[in-house]
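S.K.: For reference, this is model.cif, and it has mmCIF, C-alpha atoms.
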data_target
loop_
_atom_site.group_PDB
_atom_site.id
_atom_site.type_symbol
_atom_site.label_atom_id
_atom_site.label_comp_id
_atom_site.auth_asym_id
_atom_site.auth_seq_id
_atom_site.Cartn_x
_atom_site.Cartn_y
_atom_site.Cartn_z
ATOM 1 C CA ILE C 5 -11.998 14.711 6.524
ATOM 2 C CA GLN C 6 -13.259 12.269 9.158
ATOM 3 C CA GLN C 7 -16.323 11.540 7.020
ATOM 4 C CA ALA C 8 -14.511 11.387 3.663
ATOM 5 C CA ASP C 9 -13.829 8.198 1.735
ATOM 6 C CA LEU C 10 -10.935 9.805 -0.126
ATOM 7 C CA VAL C 11 -9.087 13.130 -0.004
ATOM 8 C CA ILE C 12 -7.607 14.715 -3.123
ATOM 9 C CA THR C 13 -5.093 17.529 -2.687
ATOM 10 C CA GLY C 14 -2.381 19.031 -4.818
ATOM 11 C CA GLU C 15 0.248 21.596 -5.617
ATOM 12 C CA GLY C 16 2.507 22.568 -8.484
ATOM 13 C CA LYS C 17 5.445 20.396 -7.467
ATOM 14 C CA LEU C 18 5.805 17.725 -4.820
ATOM 15 C CA ASP C 19 9.363 17.935 -3.527
ATOM 16 C CA ASP C 20 11.455 18.234 -0.372
ATOM 17 C CA GLN C 21 9.721 21.530 0.462
ATOM 18 C CA THR C 22 6.421 19.643 0.540
ATOM 19 C CA LEU C 23 7.782 17.600 3.421
ATOM 20 C CA LYS C 24 8.528 20.802 5.348
ATOM 21 C CA GLY C 25 4.946 21.978 5.662
ATOM 22 C CA LYS C 26 3.371 22.835 2.326
ATOM 23 C CA VAL C 27 -0.377 22.252 1.991
ATOM 24 C CA VAL C 28 -0.158 18.655 0.778
ATOM 25 C CA SER C 29 1.800 17.552 3.849
ATOM 26 C CA GLY C 30 -0.714 19.141 6.226
ATOM 27 C CA VAL C 31 -3.723 17.684 4.425
ATOM 28 C CA ALA C 32 -2.076 14.251 4.245
ATOM 29 C CA ALA C 33 -1.198 14.300 7.950
ATOM 30 C CA MET C 34 -4.753 15.187 8.925
ATOM 31 C CA ALA C 35 -6.301 12.564 6.650
ATOM 32 C CA ASN C 36 -3.820 9.916 7.790
ATOM 33 C CA ARG C 37 -4.771 10.574 11.431
ATOM 34 C CA HIS C 38 -8.342 9.658 10.487
ATOM 35 C CA GLY C 39 -7.425 6.684 8.294
ATOM 36 C CA VAL C 40 -8.621 8.371 5.104
ATOM 37 C CA PRO C 41 -6.584 7.687 1.938
ATOM 38 C CA VAL C 42 -5.023 10.696 0.190
ATOM 39 C CA ILE C 43 -4.226 11.274 -3.467
ATOM 40 C CA ALA C 44 -2.073 14.172 -4.636
ATOM 41 C CA VAL C 45 -2.303 15.846 -8.034
ATOM 42 C CA CYS C 46 0.689 17.896 -9.131
ATOM 43 C CA GLY C 47 2.526 19.320 -12.084
ATOM 44 C CA ALA C 48 5.756 17.529 -11.227
ATOM 45 C CA ASN C 49 6.861 15.133 -8.509
ATOM 46 C CA THR C 50 10.212 14.232 -6.999
ATOM 47 C CA LEU C 51 8.761 12.290 -4.040
ATOM 48 C CA GLN C 52 7.858 8.612 -3.836
ATOM 49 C CA GLY C 53 4.565 9.154 -2.003
ATOM 50 C CA ASP C 54 5.315 7.068 1.035
ATOM 51 C CA GLU C 55 7.037 10.026 2.705
ATOM 52 C CA LEU C 56 3.596 11.551 3.225
ATOM 53 C CA GLY C 57 1.482 8.416 3.413
ATOM 54 C CA LEU C 58 -0.150 9.123 0.058
ATOM 55 C CA LYS C 59 -2.184 6.433 -1.658
ATOM 56 C CA ASN C 60 -1.095 7.710 -5.053
ATOM 57 C CA ILE C 61 0.426 10.672 -6.861
ATOM 58 C CA TYR C 62 -0.843 11.817 -10.255
ATOM 59 C CA SER C 63 1.518 14.117 -12.125
ATOM 60 C CA VAL C 64 0.827 16.186 -15.249
ATOM 61 C CA ILE C 65 4.412 15.762 -16.418
ATOM 62 C CA ASN C 66 3.981 11.969 -16.382
ATOM 63 C CA ILE C 67 1.204 12.147 -18.985
ATOM 64 C CA SER C 68 2.931 14.748 -21.147
ATOM 65 C CA THR C 69 5.610 14.398 -23.788
ATOM 66 C CA SER C 70 7.469 17.496 -22.591
ATOM 67 C CA ILE C 71 7.452 20.223 -19.964
ATOM 68 C CA GLU C 72 6.242 22.621 -22.644
ATOM 69 C CA GLU C 73 3.257 20.393 -23.414
ATOM 70 C CA ALA C 74 2.486 20.009 -19.704
ATOM 71 C CA ILE C 75 2.408 23.781 -19.272
ATOM 72 C CA ARG C 76 0.588 24.535 -22.516
ATOM 73 C CA ASP C 77 -2.099 21.878 -21.983
ATOM 74 C CA ALA C 78 -2.275 21.984 -18.176
ATOM 75 C CA LYS C 79 -6.061 22.376 -17.992
ATOM 76 C CA GLU C 80 -6.643 19.413 -20.315
ATOM 77 C CA LYS C 81 -4.023 17.305 -18.538
ATOM 78 C CA VAL C 82 -5.468 17.956 -15.069
ATOM 79 C CA THR C 83 -8.914 17.051 -16.407
ATOM 80 C CA ASP C 84 -7.466 13.809 -17.807
ATOM 81 C CA LEU C 85 -5.934 13.069 -14.410
ATOM 82 C CA GLY C 86 -9.309 13.668 -12.768
ATOM 83 C CA PHE C 87 -10.893 11.039 -14.987
ATOM 84 C CA GLN C 88 -8.006 8.664 -14.262
ATOM 85 C CA ILE C 89 -8.463 9.156 -10.517
ATOM 86 C CA ILE C 90 -12.159 8.332 -10.817
ATOM 87 C CA LYS C 91 -11.377 5.241 -12.893
ATOM 88 C CA ASP C 92 -8.680 4.057 -10.477
ATOM 89 C CA ASN C 93 -10.784 4.615 -7.358
ATOM 90 C CA THR C 94 -14.261 3.504 -8.360
ATOM 91 C CA LEU C 95 -15.433 0.197 -6.994
#
Show this structure as structure tokens.
M.R.:
Amino acid sequence: IQQADLVITGEGKLDDQTLKGKVVSGVAAMANRHGVPVIAVCGANTLQGDELGLKNIYSVINISTSIEEAIRDAKEKVTDLGFQIIKDNTL
């Protein structure tokens, strides 16, 4: 992480449990200690992002018309988010 320009992590849902020690919180804490920005990718999000010091949160549900679509097309949606992350973070 010390040598990274950006860290991307994720989980199914960012929520209050995330703040209590799920993977995203641990990765974010480590990256933040080294001044490396962190992006989270998730299915759904109930956090604002600043609770963990995240640069941004990309959520599948935010680019879907319904929960059913998000679940059905999860692979396609995560791929779309990957392209969006590249676009948003390329100089």
S.K.: With only C-alpha atoms as the atoms that count, which of C:Ala74, C:Ala44, C:Leu56, C:Leu10 lies nearest to Leu23 of chain C?
M.R.: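 Once distances to Leu23 of chain C are computed over only C-alpha atoms, the minimum belongs to C:Leu56.
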S.K.: Hey, can I get the axis-aligned box for segment 15-23 of chain C? All listed atoms, 6 Å padding on each side, centre and edge lengths in Å to one decimal, as JSON.
M.R.:
{"center_x": 5.9, "center_y": 20.1, "center_z": -2.5, "size_x": 23.2, "size_y": 17.0, "size_z": 23.9}
S.K.: Run the PyMOL selection byres ((chain C and resi 89) around 12) mentally over the shown coordinates, then write out the matched residues as a list in words, using the chain letters and numbers from the document.
M.R.: Leu10, Val11, Ile12, Thr13, Val42, Ile43, Ala44, Val45, Lys59, Asn60, Ile61, Tyr62, Ser63, Val82, Thr83, Asp84, Leu85, Gly86, Phe87, Gln88, Ile90, Lys91, Asp92, Asn93, Thr94 and Leu95 of chain C
S.K.: Quick one: distance from atom CA of Gln6 of chain C to atom CA of Ala33 of chain C in Å, one decimal?
M.R.: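 Atom-to-atom, atom CA of Gln6 of chain C and atom CA of Ala33 of chain C are spaced 12.3 Å apart.
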S.K.: Given only C-alpha atoms as the basis, pick out the residue of C:Ile65, C:Leu58, C:Glu80, C:Thr50 nearest to Gln21 of chain C.
M.R.: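 Ranking C:Ile65, C:Leu58, C:Glu80, C:Thr50 by distance to Gln21 of chain C, first place goes to C:Thr50.
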S.K.: Please supply segment 70-81 of chain C, rebuilt with all heavy atoms, as a compact mmCIF listing (two decimals), in the coordinates of the input.
M.R.:
# COMPACT_ATOMS: atom_id res chain seq x y z
N SER C 70 6.44 16.51 -22.91
CA SER C 70 7.47 17.50 -22.59
C SER C 70 6.94 18.45 -21.53
O SER C 70 5.73 18.54 -21.29
CB SER C 70 7.86 18.29 -23.84
OG SER C 70 6.76 19.08 -24.28
N ILE C 71 7.86 19.19 -20.93
CA ILE C 71 7.45 20.22 -19.96
C ILE C 71 6.61 21.28 -20.66
O ILE C 71 5.61 21.75 -20.13
CB ILE C 71 8.68 20.86 -19.28
CG1 ILE C 71 9.36 19.83 -18.38
CG2 ILE C 71 8.29 22.10 -18.48
CD1 ILE C 71 10.66 20.27 -17.78
N GLU C 72 6.99 21.62 -21.88
CA GLU C 72 6.24 22.62 -22.64
C GLU C 72 4.80 22.18 -22.87
O GLU C 72 3.87 22.96 -22.71
CB GLU C 72 6.94 22.89 -23.98
CG GLU C 72 8.29 23.57 -23.87
CD GLU C 72 9.43 22.63 -23.47
OE1 GLU C 72 9.30 21.39 -23.62
OE2 GLU C 72 10.45 23.14 -22.98
N GLU C 73 4.61 20.91 -23.22
CA GLU C 73 3.26 20.39 -23.41
C GLU C 73 2.49 20.41 -22.10
O GLU C 73 1.31 20.78 -22.06
CB GLU C 73 3.29 18.96 -23.97
CG GLU C 73 1.89 18.39 -24.12
CD GLU C 73 1.87 16.90 -24.41
OE1 GLU C 73 2.72 16.16 -23.86
OE2 GLU C 73 0.99 16.48 -25.17
N ALA C 74 3.14 20.02 -21.01
CA ALA C 74 2.49 20.01 -19.70
C ALA C 74 1.99 21.39 -19.32
O ALA C 74 0.88 21.54 -18.81
CB ALA C 74 3.45 19.48 -18.65
N ILE C 75 2.80 22.40 -19.59
CA ILE C 75 2.41 23.78 -19.27
C ILE C 75 1.32 24.27 -20.22
O ILE C 75 0.30 24.81 -19.79
CB ILE C 75 3.64 24.70 -19.31
CG1 ILE C 75 4.60 24.35 -18.18
CG2 ILE C 75 3.22 26.18 -19.24
CD1 ILE C 75 5.97 25.00 -18.28
N ARG C 76 1.53 24.05 -21.50
CA ARG C 76 0.59 24.54 -22.52
C ARG C 76 -0.79 23.91 -22.35
O ARG C 76 -1.82 24.58 -22.49
CB ARG C 76 1.14 24.23 -23.91
CG ARG C 76 0.25 24.72 -25.05
CD ARG C 76 0.72 24.24 -26.41
NE ARG C 76 0.57 22.80 -26.50
CZ ARG C 76 1.55 21.95 -26.80
NH1 ARG C 76 2.78 22.39 -27.05
NH2 ARG C 76 1.34 20.66 -26.85
N ASP C 77 -0.84 22.62 -22.05
CA ASP C 77 -2.10 21.88 -21.98
C ASP C 77 -2.48 21.50 -20.55
O ASP C 77 -3.16 20.50 -20.34
CB ASP C 77 -1.99 20.61 -22.84
CG ASP C 77 -1.68 20.90 -24.30
OD1 ASP C 77 -2.01 22.00 -24.78
OD2 ASP C 77 -1.10 20.02 -24.97
N ALA C 78 -2.08 22.32 -19.59
CA ALA C 78 -2.28 21.98 -18.18
C ALA C 78 -3.74 21.72 -17.84
O ALA C 78 -4.05 20.74 -17.16
CB ALA C 78 -1.71 23.08 -17.29
N LYS C 79 -4.64 22.55 -18.32
CA LYS C 79 -6.06 22.38 -17.99
C LYS C 79 -6.56 21.03 -18.50
O LYS C 79 -7.22 20.28 -17.77
CB LYS C 79 -6.89 23.51 -18.59
CG LYS C 79 -8.35 23.44 -18.26
CD LYS C 79 -9.11 24.62 -18.84
CE LYS C 79 -10.58 24.53 -18.56
NZ LYS C 79 -11.32 25.67 -19.12
N GLU C 80 -6.24 20.69 -19.73
CA GLU C 80 -6.64 19.41 -20.32
C GLU C 80 -6.00 18.24 -19.56
O GLU C 80 -6.66 17.23 -19.28
CB GLU C 80 -6.24 19.36 -21.78
CG GLU C 80 -6.52 18.05 -22.47
CD GLU C 80 -5.97 18.02 -23.88
OE1 GLU C 80 -6.11 19.02 -24.60
OE2 GLU C 80 -5.41 16.98 -24.26
N LYS C 81 -4.74 18.38 -19.23
CA LYS C 81 -4.02 17.30 -18.54
C LYS C 81 -4.58 17.06 -17.14
O LYS C 81 -4.73 15.91 -16.72
CB LYS C 81 -2.52 17.61 -18.45
CG LYS C 81 -1.84 17.75 -19.79
CD LYS C 81 -1.83 16.46 -20.57
CE LYS C 81 -1.08 16.62 -21.87
NZ LYS C 81 -1.06 15.38 -22.65
